[in-house]
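Down below is the structure, laid out as structure tokens.
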Amino acid sequence: MKSCATVSRFMTRMTILSLIVTAMFLKLGFWQLQRAHEKQALIDAAVSQLHQPFKFWEAGEPIPQIFDPIQVQGRFLKETLLLDNQPKNQKWGYQVLSLFALSSGGAVLIDRGWIAQQEGERKKLPEIRIPTGSLVLQGQAFMPSSKGFLLGDILEKQEDNILVVEKIDLPAFSKILHKPLYPFIIRLNKSEAYGFERTWPVVNMTPARHKAYAFQWFAMAIIVILLYGNLYRRHRYRET
């Protein structure tokens, strides 16, 4: 009797554990499918805006949607942010984000593209020229993700008017710069001057990759179910 009771408790624990693990794997699988759907929506939005005309945007108008082609007028301010640890073409570099004051009021960050670190000069920052005078710029609106874990401070170092940062966080930048920023950045159009290398991936992970991960999680859920089923049959066989 004691042995049967022990086996019964063991099976109860295994049943609960199997249900929890299976539910977790299924949840992760469906989450990956949701992420695949979101990434595909971003790709579709980017493609649909490729040949749309640039629309003039100014303060007081509704915030543009992601990938909207917009045109703004204003002037560059002296502050520039360098987003650190940005690899491209097997080199390390920075994404250059310059502060741009709109003629209609407020400020927005202009993503001017990627610039490489100087060979063997990790501590030496690249020289970034700031255009002067009133300018009209064209680019695509982009909403940087606020997700991501950061171990240290967002501001790595500052030299004069160049700030090296670890991630894009517009509310944090607004506090650091002591200036209100619009909740989007503008990726400078490739035909515009004052930019660097401008090739931005639409998504950092393709929908196909998310679907592959979803398949793996679902497969692991099935394996747990099969293992539990085999254990349950053995338990029933011993009882008979």
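Ordering of the structure tokens sets the chain letters (A, B, ...), residue numbers begin anew at 1 in every chain, and ligands are numbered from 1 in the order given.
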
**Request:** Once DSSP has gone over the backbone, tell me which residues of region 14-208 of chain A are in strand (DSSP E or B), as a VMD selection string.
**Result:** chain A and resid 55 to 56 69 to 88 91 to 102 107 to 116 135 to 142 155 to 159 162 to 165 181 to 188 197

**Message:** as a PyMOL selection string, please: every residue in region 8-140 of chain A that DSSP puts in helix (DSSP H, G or I).
**Reply:** chain A and resi 8-48

**Request:** For His51 (chain A), work out the shell of residues within 12 Å, counting only C-alpha atoms and skipping chain neighbours fewer than 3 positions away, then give it as a PyMOL selection string.
**Result:** chain A and resi 45-48+54+67-69+140

Hey, can you spit out that residue selection with all heavy atoms as a PDB file, in the first residue's frame?
ATOM      1  N   ALA A  45       4.505  47.426 -44.068  1.00  0.00           N
ATOM      2  CA  ALA A  45       4.385  48.880 -43.938  1.00  0.00           C
ATOM      3  C   ALA A  45       5.549  49.579 -44.631  1.00  0.00           C
ATOM      4  O   ALA A  45       5.364  50.596 -45.302  1.00  0.00           O
ATOM      5  CB  ALA A  45       4.330  49.274 -42.469  1.00  0.00           C
ATOM      6  N   ALA A  46       6.748  49.028 -44.477  1.00  0.00           N
ATOM      7  CA  ALA A  46       7.927  49.634 -45.102  1.00  0.00           C
ATOM      8  C   ALA A  46       7.829  49.571 -46.620  1.00  0.00           C
ATOM      9  O   ALA A  46       8.135  50.541 -47.326  1.00  0.00           O
ATOM     10  CB  ALA A  46       9.190  48.933 -44.620  1.00  0.00           C
ATOM     11  N   VAL A  47       7.395  48.428 -47.140  1.00  0.00           N
ATOM     12  CA  VAL A  47       7.269  48.259 -48.591  1.00  0.00           C
ATOM     13  C   VAL A  47       6.211  49.199 -49.158  1.00  0.00           C
ATOM     14  O   VAL A  47       6.396  49.813 -50.219  1.00  0.00           O
ATOM     15  CB  VAL A  47       6.943  46.793 -48.932  1.00  0.00           C
ATOM     16  CG1 VAL A  47       6.608  46.651 -50.418  1.00  0.00           C
ATOM     17  CG2 VAL A  47       8.110  45.885 -48.571  1.00  0.00           C
ATOM     18  N   SER A  48       5.107  49.336 -48.450  1.00  0.00           N
ATOM     19  CA  SER A  48       4.003  50.171 -48.943  1.00  0.00           C
ATOM     20  C   SER A  48       4.376  51.651 -48.999  1.00  0.00           C
ATOM     21  O   SER A  48       3.775  52.416 -49.749  1.00  0.00           O
ATOM     22  CB  SER A  48       2.768  49.987 -48.057  1.00  0.00           C
ATOM     23  OG  SER A  48       2.996  50.514 -46.758  1.00  0.00           O
ATOM     24  N   PHE A  54       7.014  62.430 -50.150  1.00  0.00           N
ATOM     25  CA  PHE A  54       7.332  62.980 -48.839  1.00  0.00           C
ATOM     26  C   PHE A  54       6.330  64.081 -48.491  1.00  0.00           C
ATOM     27  O   PHE A  54       6.029  64.949 -49.319  1.00  0.00           O
ATOM     28  CB  PHE A  54       8.754  63.552 -48.828  1.00  0.00           C
ATOM     29  CG  PHE A  54       9.822  62.508 -48.903  1.00  0.00           C
ATOM     30  CD1 PHE A  54      10.332  62.108 -50.130  1.00  0.00           C
ATOM     31  CD2 PHE A  54      10.303  61.909 -47.758  1.00  0.00           C
ATOM     32  CE1 PHE A  54      11.319  61.139 -50.199  1.00  0.00           C
ATOM     33  CE2 PHE A  54      11.288  60.934 -47.814  1.00  0.00           C
ATOM     34  CZ  PHE A  54      11.792  60.551 -49.046  1.00  0.00           C
ATOM     35  N   PHE A  67       7.686  54.470 -40.706  1.00  0.00           N
ATOM     36  CA  PHE A  67       8.098  54.422 -42.104  1.00  0.00           C
ATOM     37  C   PHE A  67       7.407  55.476 -42.974  1.00  0.00           C
ATOM     38  O   PHE A  67       7.596  55.468 -44.191  1.00  0.00           O
ATOM     39  CB  PHE A  67       7.893  53.029 -42.717  1.00  0.00           C
ATOM     40  CG  PHE A  67       8.661  51.942 -42.012  1.00  0.00           C
ATOM     41  CD1 PHE A  67       8.011  50.829 -41.517  1.00  0.00           C
ATOM     42  CD2 PHE A  67      10.029  52.031 -41.822  1.00  0.00           C
ATOM     43  CE1 PHE A  67       8.705  49.821 -40.857  1.00  0.00           C
ATOM     44  CE2 PHE A  67      10.730  51.041 -41.151  1.00  0.00           C
ATOM     45  CZ  PHE A  67      10.064  49.935 -40.676  1.00  0.00           C
ATOM     46  N   ASP A  68       6.624  56.364 -42.394  1.00  0.00           N
ATOM     47  CA  ASP A  68       6.032  57.446 -43.187  1.00  0.00           C
ATOM     48  C   ASP A  68       7.150  58.320 -43.758  1.00  0.00           C
ATOM     49  O   ASP A  68       8.042  58.756 -43.029  1.00  0.00           O
ATOM     50  CB  ASP A  68       5.116  58.318 -42.332  1.00  0.00           C
ATOM     51  CG  ASP A  68       3.719  57.738 -42.182  1.00  0.00           C
ATOM     52  OD1 ASP A  68       3.442  56.707 -42.820  1.00  0.00           O
ATOM     53  OD2 ASP A  68       2.913  58.311 -41.435  1.00  0.00           O
ATOM     54  N   PRO A  69       7.118  58.597 -45.077  1.00  0.00           N
ATOM     55  CA  PRO A  69       8.108  59.520 -45.644  1.00  0.00           C
ATOM     56  C   PRO A  69       7.718  60.961 -45.325  1.00  0.00           C
ATOM     57  O   PRO A  69       6.637  61.414 -45.707  1.00  0.00           O
ATOM     58  CB  PRO A  69       8.026  59.234 -47.147  1.00  0.00           C
ATOM     59  CG  PRO A  69       6.664  58.661 -47.364  1.00  0.00           C
ATOM     60  CD  PRO A  69       6.256  57.993 -46.094  1.00  0.00           C
ATOM     61  N   GLN A 140      12.472  58.966 -43.386  1.00  0.00           N
ATOM     62  CA  GLN A 140      11.363  58.123 -42.921  1.00  0.00           C
ATOM     63  C   GLN A 140      11.256  58.189 -41.414  1.00  0.00           C
ATOM     64  O   GLN A 140      12.268  58.106 -40.701  1.00  0.00           O
ATOM     65  CB  GLN A 140      11.561  56.667 -43.352  1.00  0.00           C
ATOM     66  CG  GLN A 140      11.224  56.398 -44.811  1.00  0.00           C
ATOM     67  CD  GLN A 140      11.236  54.910 -45.108  1.00  0.00           C
ATOM     68  OE1 GLN A 140      12.134  54.197 -44.696  1.00  0.00           O
ATOM     69  NE2 GLN A 140      10.245  54.444 -45.827  1.00  0.00           N
TER      70      GLN A 140
END

**Request:** Identify which of the residues A:Trp92, A:Phe173, A:Trp200, A:Tyr232 lies closest to Arg187 (chain A), counting only C-alpha atoms when measuring atom-to-atom distances.
**Result:** A:Trp200

**Asked** Within 12 Å of region 11-20 of chain A, counting only C-alpha atoms, which residues qualify if same-chain residues fewer than 5 places away don't, as a ChimeraX atom specification?
**Response** /A:4-6,25-27,220-236

**Message:** Need the shell around Trp31 (chain A): protein/DNA/RNA residues with any atom at most 12 Å away, counting only C-alpha atoms. Skip same-chain ones fewer than 2 positions apart. Format as number ranges by chain?
**Reply:** A: 24-29, 33-38, 210-211, 213-215, 217-218

**Pro144 (chain A) environment, 8 Å, only C-alpha atoms, sequence neighbours closer than 4 positions dropped, as a PyMOL selection string** = chain A and resi 168-169+184-185

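A straight line drawn from CA of Gln73 (chain A) to CA of Ser103 (chain A) is 5.9 Å long.
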